[in-house]
Amino acid sequence: FSTPCVDPANHTVIHGSGRNLVAYDTVTGTLRWTRQLARAIVNASPTVTNDRPQRNRCFITDYDGRGTSGRLYCINVDAFNAALNPYLPGEVVWFADIGGASGNSPTYLPTASGGHGMVYVASVGDVSIPLAGSIFAFNVDSVGTPSPVWCTQAPGETGFFGGLVATT
């Protein structure tokens, strides 16, 4: 139950299904790239940046089977450039543990709309305890395994299923 997103700069439609994040050409439907993740994507939709010339990224979460080890992935979508972007399209730039995740779609607000170069994602928490979920902010330009810029816990004993929405 994942909806696709459009990467207008690279003319692709990006969709998550099973363990794969896949980009298709918007005109021909031809496969452009694919990336297999550690776990399945369940009810989460990708989001893509479009204001970072030659270093745009796609973000998606995986499903951890009602556990506490869901991840947010940062995937490169732009062409390789030795100076500005040393990643191939579809290559994982970084990933971060976020706790429980099921349908946790990330969001991004472009700088021109008031954003601060961060991707935001919510977590479910630990449904077996129950433990409250959290909202995280990560720097888009992180390298390696990033720590959140900030994290805030949900009030009470409930987590966040679904995603956050940034509007302009």
# chains A, B, ... in the order shown; residues from 1 in each chain; ligands from 1
>>> select_by_dssp(residues="stretch 2-151 of chain A", states="strand (DSSP E)", output="JSON, numbers by chain")
{"A": [5, 6, 7, 12, 13, 14, 15, 16, 17, 20, 21, 22, 23, 24, 25, 31, 32, 33, 34, 35, 36, 47, 48, 57, 58, 59, 60, 61, 70, 71, 72, 73, 74, 75, 76, 92, 93, 94, 95, 96, 97, 98, 99, 107, 108, 118, 119, 120, 121, 122, 134, 135, 136, 137, 138, 139, 150, 151]}
>>> residues_around(residues="A:Ile14", least_positions_apart="2", cutoff="8 Å", atoms="only C-alpha atoms", output="JSON, numbers by chain")
{"A": [4, 5, 6, 7, 12, 16, 21, 22, 23, 24, 46]}
>>> write_last_selection(atoms="N, CA and C atoms", output="PDB file, in the first residue's frame")
ATOM      1  N   PRO A   4       3.556   6.023  -5.065  1.00  0.00           N
ATOM      2  CA  PRO A   4       4.823   6.469  -5.638  1.00  0.00           C
ATOM      3  C   PRO A   4       5.013   7.972  -5.454  1.00  0.00           C
ATOM      4  N   CYS A   5       6.222   8.437  -5.684  1.00  0.00           N
ATOM      5  CA  CYS A   5       6.486   9.873  -5.736  1.00  0.00           C
ATOM      6  C   CYS A   5       7.181  10.162  -7.064  1.00  0.00           C
ATOM      7  N   VAL A   6       7.142  11.404  -7.478  1.00  0.00           N
ATOM      8  CA  VAL A   6       7.764  11.810  -8.732  1.00  0.00           C
ATOM      9  C   VAL A   6       9.031  12.595  -8.420  1.00  0.00           C
ATOM     10  N   ASP A   7      10.095  12.257  -9.115  1.00  0.00           N
ATOM     11  CA  ASP A   7      11.347  13.007  -9.063  1.00  0.00           C
ATOM     12  C   ASP A   7      11.399  13.834 -10.342  1.00  0.00           C
ATOM     13  N   THR A  12      11.694  10.663 -13.123  1.00  0.00           N
ATOM     14  CA  THR A  12      11.398   9.296 -12.698  1.00  0.00           C
ATOM     15  C   THR A  12      10.218   9.279 -11.740  1.00  0.00           C
ATOM     16  N   GLY A  16       8.057   2.034  -3.812  1.00  0.00           N
ATOM     17  CA  GLY A  16       8.552   0.979  -2.943  1.00  0.00           C
ATOM     18  C   GLY A  16       7.592  -0.188  -2.915  1.00  0.00           C
ATOM     19  N   LEU A  21      13.111  -0.473  -3.672  1.00  0.00           N
ATOM     20  CA  LEU A  21      12.765   0.877  -4.063  1.00  0.00           C
ATOM     21  C   LEU A  21      13.195   0.977  -5.522  1.00  0.00           C
ATOM     22  N   VAL A  22      12.261   1.358  -6.400  1.00  0.00           N
ATOM     23  CA  VAL A  22      12.495   1.285  -7.838  1.00  0.00           C
ATOM     24  C   VAL A  22      12.150   2.613  -8.491  1.00  0.00           C
ATOM     25  N   ALA A  23      12.976   3.048  -9.463  1.00  0.00           N
ATOM     26  CA  ALA A  23      12.721   4.274 -10.222  1.00  0.00           C
ATOM     27  C   ALA A  23      12.455   3.906 -11.677  1.00  0.00           C
ATOM     28  N   TYR A  24      11.355   4.442 -12.211  1.00  0.00           N
ATOM     29  CA  TYR A  24      10.959   4.224 -13.603  1.00  0.00           C
ATOM     30  C   TYR A  24      10.944   5.559 -14.350  1.00  0.00           C
ATOM     31  N   PRO A  46       7.740   6.879  -0.519  1.00  0.00           N
ATOM     32  CA  PRO A  46       8.981   7.645  -0.572  1.00  0.00           C
ATOM     33  C   PRO A  46       8.705   9.139  -0.741  1.00  0.00           C
TER      34      PRO A  46
END
>>> residues_around(residues="A:Glu91", least_positions_apart="2", cutoff="8 Å", atoms="only C-alpha atoms", output="list in words")
Arg35, Ile75, Asn76, Val77, Tyr87, Leu88, Pro89 and Val93 of chain A
>>> closest_residue(among="A:Arg55, A:Thr28, A:Tyr120, A:Asn10", to="A:Pro106", atoms="only C-alpha atoms")
A:Tyr120
>>> residues_around(residues="stretch 56-70 of chain A", least_positions_apart="2", cutoff="6 Å", atoms="only C-alpha atoms", output="short mmCIF file (atom, residue, chain, number, x, y, z; two decimals) with all heavy atoms, in the first residue's frame")
data_model
loop_
_atom_site.label_atom_id
_atom_site.label_comp_id
_atom_site.auth_asym_id
_atom_site.auth_seq_id
_atom_site.Cartn_x
_atom_site.Cartn_y
_atom_site.Cartn_z
N ARG A 39 14.88 -4.78 4.78
CA ARG A 39 13.56 -5.34 5.08
C ARG A 39 12.53 -4.76 4.12
O ARG A 39 12.80 -3.82 3.39
CB ARG A 39 13.17 -5.01 6.53
CG ARG A 39 13.99 -5.77 7.57
CD ARG A 39 13.58 -5.38 8.97
NE ARG A 39 13.92 -4.01 9.28
CZ ARG A 39 15.08 -3.62 9.81
NH1 ARG A 39 16.00 -4.50 10.10
NH2 ARG A 39 15.31 -2.35 10.07
N ALA A 40 11.33 -5.28 4.19
CA ALA A 40 10.25 -4.85 3.30
C ALA A 40 9.79 -3.43 3.62
O ALA A 40 9.87 -2.96 4.75
CB ALA A 40 9.07 -5.81 3.42
N ILE A 41 9.29 -2.79 2.59
CA ILE A 41 8.62 -1.50 2.71
C ILE A 41 7.14 -1.82 2.86
O ILE A 41 6.55 -2.47 2.01
CB ILE A 41 8.85 -0.64 1.45
CG1 ILE A 41 10.34 -0.38 1.26
CG2 ILE A 41 8.04 0.64 1.51
CD1 ILE A 41 10.69 0.14 -0.13
N VAL A 42 6.54 -1.39 3.97
CA VAL A 42 5.13 -1.70 4.23
C VAL A 42 4.37 -0.40 4.50
O VAL A 42 4.63 0.27 5.50
CB VAL A 42 4.96 -2.68 5.41
CG1 VAL A 42 3.49 -2.90 5.73
CG2 VAL A 42 5.65 -4.00 5.11
N PRO A 46 7.74 6.88 -0.52
CA PRO A 46 8.98 7.65 -0.57
C PRO A 46 8.71 9.14 -0.74
O PRO A 46 7.63 9.55 -1.18
CB PRO A 46 9.69 7.09 -1.80
CG PRO A 46 8.58 6.59 -2.68
CD PRO A 46 7.50 6.13 -1.75
N THR A 47 9.69 9.92 -0.40
CA THR A 47 9.69 11.36 -0.70
C THR A 47 11.05 11.69 -1.30
O THR A 47 12.04 11.02 -1.01
CB THR A 47 9.39 12.21 0.54
OG1 THR A 47 9.12 13.56 0.14
CG2 THR A 47 10.54 12.21 1.53
N VAL A 48 11.08 12.70 -2.16
CA VAL A 48 12.33 13.06 -2.83
C VAL A 48 12.56 14.57 -2.74
O VAL A 48 11.61 15.34 -2.78
CB VAL A 48 12.32 12.57 -4.31
CG1 VAL A 48 11.32 13.33 -5.15
CG2 VAL A 48 13.69 12.61 -4.92
N THR A 49 13.82 14.95 -2.56
CA THR A 49 14.16 16.37 -2.58
C THR A 49 14.26 16.82 -4.03
O THR A 49 14.54 16.02 -4.91
CB THR A 49 15.50 16.64 -1.86
OG1 THR A 49 16.56 16.02 -2.60
CG2 THR A 49 15.49 16.12 -0.44
N ARG A 52 18.19 20.45 -4.46
CA ARG A 52 19.59 20.24 -4.12
C ARG A 52 20.34 19.82 -5.38
O ARG A 52 20.64 18.65 -5.56
CB ARG A 52 19.70 19.19 -3.03
CG ARG A 52 18.70 19.47 -1.88
CD ARG A 52 18.78 18.51 -0.76
NE ARG A 52 19.98 18.70 0.00
CZ ARG A 52 20.20 19.72 0.83
NH1 ARG A 52 19.31 20.66 0.97
NH2 ARG A 52 21.33 19.81 1.50
N LEU A 72 15.21 4.55 8.47
CA LEU A 72 15.03 5.56 7.44
C LEU A 72 16.23 5.46 6.53
O LEU A 72 17.37 5.49 7.01
CB LEU A 72 14.95 6.96 8.07
CG LEU A 72 14.99 8.14 7.09
CD1 LEU A 72 13.72 8.17 6.23
CD2 LEU A 72 15.18 9.44 7.84
N TYR A 73 15.99 5.33 5.22
CA TYR A 73 17.06 5.25 4.24
C TYR A 73 17.14 6.53 3.43
O TYR A 73 16.11 7.10 3.05
CB TYR A 73 16.81 4.10 3.25
CG TYR A 73 16.88 2.74 3.86
CD1 TYR A 73 15.77 2.17 4.47
CD2 TYR A 73 18.06 2.00 3.81
CE1 TYR A 73 15.83 0.91 5.03
CE2 TYR A 73 18.13 0.73 4.37
CZ TYR A 73 17.00 0.19 4.97
OH TYR A 73 17.07 -1.06 5.53
N CYS A 74 18.36 6.96 3.13
CA CYS A 74 18.63 8.08 2.23
C CYS A 74 19.27 7.49 0.98
O CYS A 74 20.35 6.90 1.04
CB CYS A 74 19.58 9.07 2.91
SG CYS A 74 20.14 10.40 1.83
N ILE A 75 18.58 7.63 -0.15
CA ILE A 75 19.01 7.04 -1.42
C ILE A 75 19.33 8.15 -2.41
O ILE A 75 18.53 9.08 -2.60
CB ILE A 75 17.89 6.15 -2.02
CG1 ILE A 75 17.33 5.16 -0.99
CG2 ILE A 75 18.36 5.46 -3.29
CD1 ILE A 75 18.23 4.06 -0.58
N ASN A 76 20.48 8.07 -3.06
CA ASN A 76 20.83 9.05 -4.08
C ASN A 76 19.94 8.89 -5.32
O ASN A 76 19.68 7.76 -5.75
CB ASN A 76 22.30 8.90 -4.49
CG ASN A 76 22.67 9.85 -5.59
OD1 ASN A 76 22.51 11.06 -5.45
ND2 ASN A 76 23.15 9.32 -6.70
N VAL A 77 19.51 10.01 -5.92
CA VAL A 77 18.72 9.95 -7.15
C VAL A 77 19.41 10.65 -8.32
O VAL A 77 19.00 10.47 -9.46
CB VAL A 77 17.30 10.54 -6.96
CG1 VAL A 77 16.50 9.69 -5.98
CG2 VAL A 77 17.32 11.99 -6.56
N ASP A 78 20.45 11.44 -8.06
CA ASP A 78 21.11 12.19 -9.12
C ASP A 78 22.29 11.43 -9.70
O ASP A 78 22.79 10.47 -9.12
CB ASP A 78 21.59 13.55 -8.59
CG ASP A 78 20.46 14.56 -8.49
OD1 ASP A 78 19.42 14.38 -9.15
OD2 ASP A 78 20.62 15.54 -7.74
N ASP A 97 18.54 4.25 12.28
CA ASP A 97 17.53 3.52 13.04
C ASP A 97 16.55 4.52 13.65
O ASP A 97 16.95 5.54 14.20
CB ASP A 97 18.18 2.70 14.15
CG ASP A 97 19.05 1.57 13.60
OD1 ASP A 97 18.73 1.05 12.51
OD2 ASP A 97 20.04 1.22 14.25
N ILE A 98 15.24 4.20 13.54
CA ILE A 98 14.22 5.10 14.07
C ILE A 98 13.28 4.42 15.06
O ILE A 98 12.34 5.05 15.55
CB ILE A 98 13.40 5.76 12.95
CG1 ILE A 98 12.68 4.71 12.09
CG2 ILE A 98 14.29 6.66 12.10
CD1 ILE A 98 11.65 5.28 11.15
N GLY A 99 13.49 3.15 15.35
CA GLY A 99 12.56 2.43 16.23
C GLY A 99 11.51 1.72 15.40
O GLY A 99 11.71 1.46 14.22
N GLY A 100 10.37 1.43 16.00
CA GLY A 100 9.32 0.73 15.28
C GLY A 100 8.83 1.53 14.08
O GLY A 100 8.69 2.75 14.16
N ALA A 101 8.57 0.84 12.97
CA ALA A 101 8.12 1.52 11.76
C ALA A 101 7.16 0.64 10.98
O ALA A 101 7.45 -0.52 10.72
CB ALA A 101 9.30 1.90 10.88
N SER A 102 6.02 1.20 10.63
CA SER A 102 5.05 0.56 9.75
C SER A 102 4.24 1.68 9.10
O SER A 102 3.45 2.33 9.76
CB SER A 102 4.12 -0.37 10.53
OG SER A 102 3.13 -0.88 9.67
N ASP A 126 7.59 1.18 20.47
CA ASP A 126 7.59 -0.26 20.73
C ASP A 126 6.17 -0.65 21.15
O ASP A 126 5.76 -0.39 22.27
CB ASP A 126 8.59 -0.61 21.83
CG ASP A 126 8.72 -2.11 22.06
OD1 ASP A 126 7.85 -2.87 21.58
OD2 ASP A 126 9.67 -2.51 22.75
#
>>> atom_distance(atom1="atom CA of A:Gly144", atom2="atom CA of A:Ala38")
16.5 Å
>>> residues_around(residues="A:Cys151", least_positions_apart="3", cutoff="10 Å", atoms="only C-alpha atoms", output="list in words")
Ile98, Tyr120, Val121, Ala122, Ser134, Ile135, Phe136, Ala137, Phe138, Ser147, Pro148 and Ala154 of chain A
>>> write_last_selection(atoms="all heavy atoms", output="compact mmCIF listing (two decimals), in the first residue's frame")
# COMPACT_ATOMS: atom_id res chain seq x y z
N ILE A 98 15.24 4.20 13.54
CA ILE A 98 14.22 5.10 14.07
C ILE A 98 13.28 4.42 15.06
O ILE A 98 12.34 5.05 15.55
CB ILE A 98 13.40 5.76 12.95
CG1 ILE A 98 12.68 4.71 12.09
CG2 ILE A 98 14.29 6.66 12.10
CD1 ILE A 98 11.65 5.28 11.15
N TYR A 120 12.15 14.68 7.82
CA TYR A 120 11.42 14.39 9.06
C TYR A 120 10.71 13.06 8.91
O TYR A 120 10.16 12.74 7.85
CB TYR A 120 10.40 15.49 9.33
CG TYR A 120 11.01 16.87 9.36
CD1 TYR A 120 11.05 17.65 8.21
CD2 TYR A 120 11.57 17.38 10.53
CE1 TYR A 120 11.62 18.92 8.23
CE2 TYR A 120 12.14 18.64 10.55
CZ TYR A 120 12.17 19.40 9.40
OH TYR A 120 12.74 20.66 9.43
N VAL A 121 10.71 12.29 10.01
CA VAL A 121 10.04 10.99 9.99
C VAL A 121 9.55 10.66 11.40
O VAL A 121 10.18 11.03 12.39
CB VAL A 121 10.98 9.88 9.46
CG1 VAL A 121 12.15 9.62 10.39
CG2 VAL A 121 10.21 8.61 9.14
N ALA A 122 8.42 9.99 11.47
CA ALA A 122 7.87 9.56 12.74
C ALA A 122 8.12 8.07 12.92
O ALA A 122 8.32 7.33 11.96
CB ALA A 122 6.37 9.84 12.78
N SER A 134 8.19 8.54 18.27
CA SER A 134 8.92 9.81 18.22
C SER A 134 8.86 10.41 16.84
O SER A 134 8.57 9.72 15.86
CB SER A 134 10.39 9.59 18.59
OG SER A 134 10.51 9.08 19.89
N ILE A 135 9.15 11.69 16.76
CA ILE A 135 9.38 12.37 15.49
C ILE A 135 10.85 12.77 15.47
O ILE A 135 11.37 13.31 16.45
CB ILE A 135 8.49 13.61 15.33
CG1 ILE A 135 7.02 13.19 15.30
CG2 ILE A 135 8.86 14.36 14.04
CD1 ILE A 135 6.05 14.35 15.24
N PHE A 136 11.52 12.46 14.36
CA PHE A 136 12.94 12.72 14.19
C PHE A 136 13.16 13.73 13.07
O PHE A 136 12.42 13.75 12.09
CB PHE A 136 13.68 11.45 13.77
CG PHE A 136 13.63 10.33 14.75
CD1 PHE A 136 12.59 9.41 14.73
CD2 PHE A 136 14.65 10.16 15.68
CE1 PHE A 136 12.56 8.36 15.62
CE2 PHE A 136 14.63 9.11 16.57
CZ PHE A 136 13.57 8.21 16.55
N ALA A 137 14.22 14.50 13.18
CA ALA A 137 14.71 15.37 12.11
C ALA A 137 16.17 14.98 11.84
O ALA A 137 16.98 14.93 12.77
CB ALA A 137 14.63 16.83 12.51
N PHE A 138 16.47 14.67 10.57
CA PHE A 138 17.84 14.31 10.17
C PHE A 138 18.33 15.28 9.11
O PHE A 138 17.56 15.68 8.23
CB PHE A 138 17.88 12.88 9.58
CG PHE A 138 17.65 11.80 10.58
CD1 PHE A 138 16.38 11.26 10.75
CD2 PHE A 138 18.69 11.31 11.34
CE1 PHE A 138 16.16 10.25 11.67
CE2 PHE A 138 18.48 10.29 12.27
CZ PHE A 138 17.21 9.76 12.43
N SER A 147 23.17 10.93 13.46
CA SER A 147 22.36 11.10 14.66
C SER A 147 21.28 12.11 14.30
O SER A 147 21.51 13.00 13.48
CB SER A 147 23.19 11.64 15.82
OG SER A 147 24.17 10.71 16.20
N PRO A 148 20.11 12.01 14.93
CA PRO A 148 19.10 13.01 14.62
C PRO A 148 19.54 14.40 15.08
O PRO A 148 20.23 14.54 16.08
CB PRO A 148 17.87 12.55 15.40
CG PRO A 148 18.31 11.47 16.30
CD PRO A 148 19.66 11.02 15.88
N ALA A 154 6.32 11.26 21.46
CA ALA A 154 4.88 11.48 21.48
C ALA A 154 4.38 11.50 22.91
O ALA A 154 4.91 10.79 23.76
CB ALA A 154 4.16 10.37 20.71
>>> atom_distance(atom1="atom CA of A:Thr26", atom2="atom CA of A:Pro8")
8.9 Å
>>> closest_residue(among="A:Ser123, A:Thr30, A:Thr107, A:Asn43", to="A:Thr3", atoms="only C-alpha atoms")
A:Asn43
>>> atom_distance(atom1="atom CA of A:Gly133", atom2="atom CA of A:Tyr108")
19.3 Å
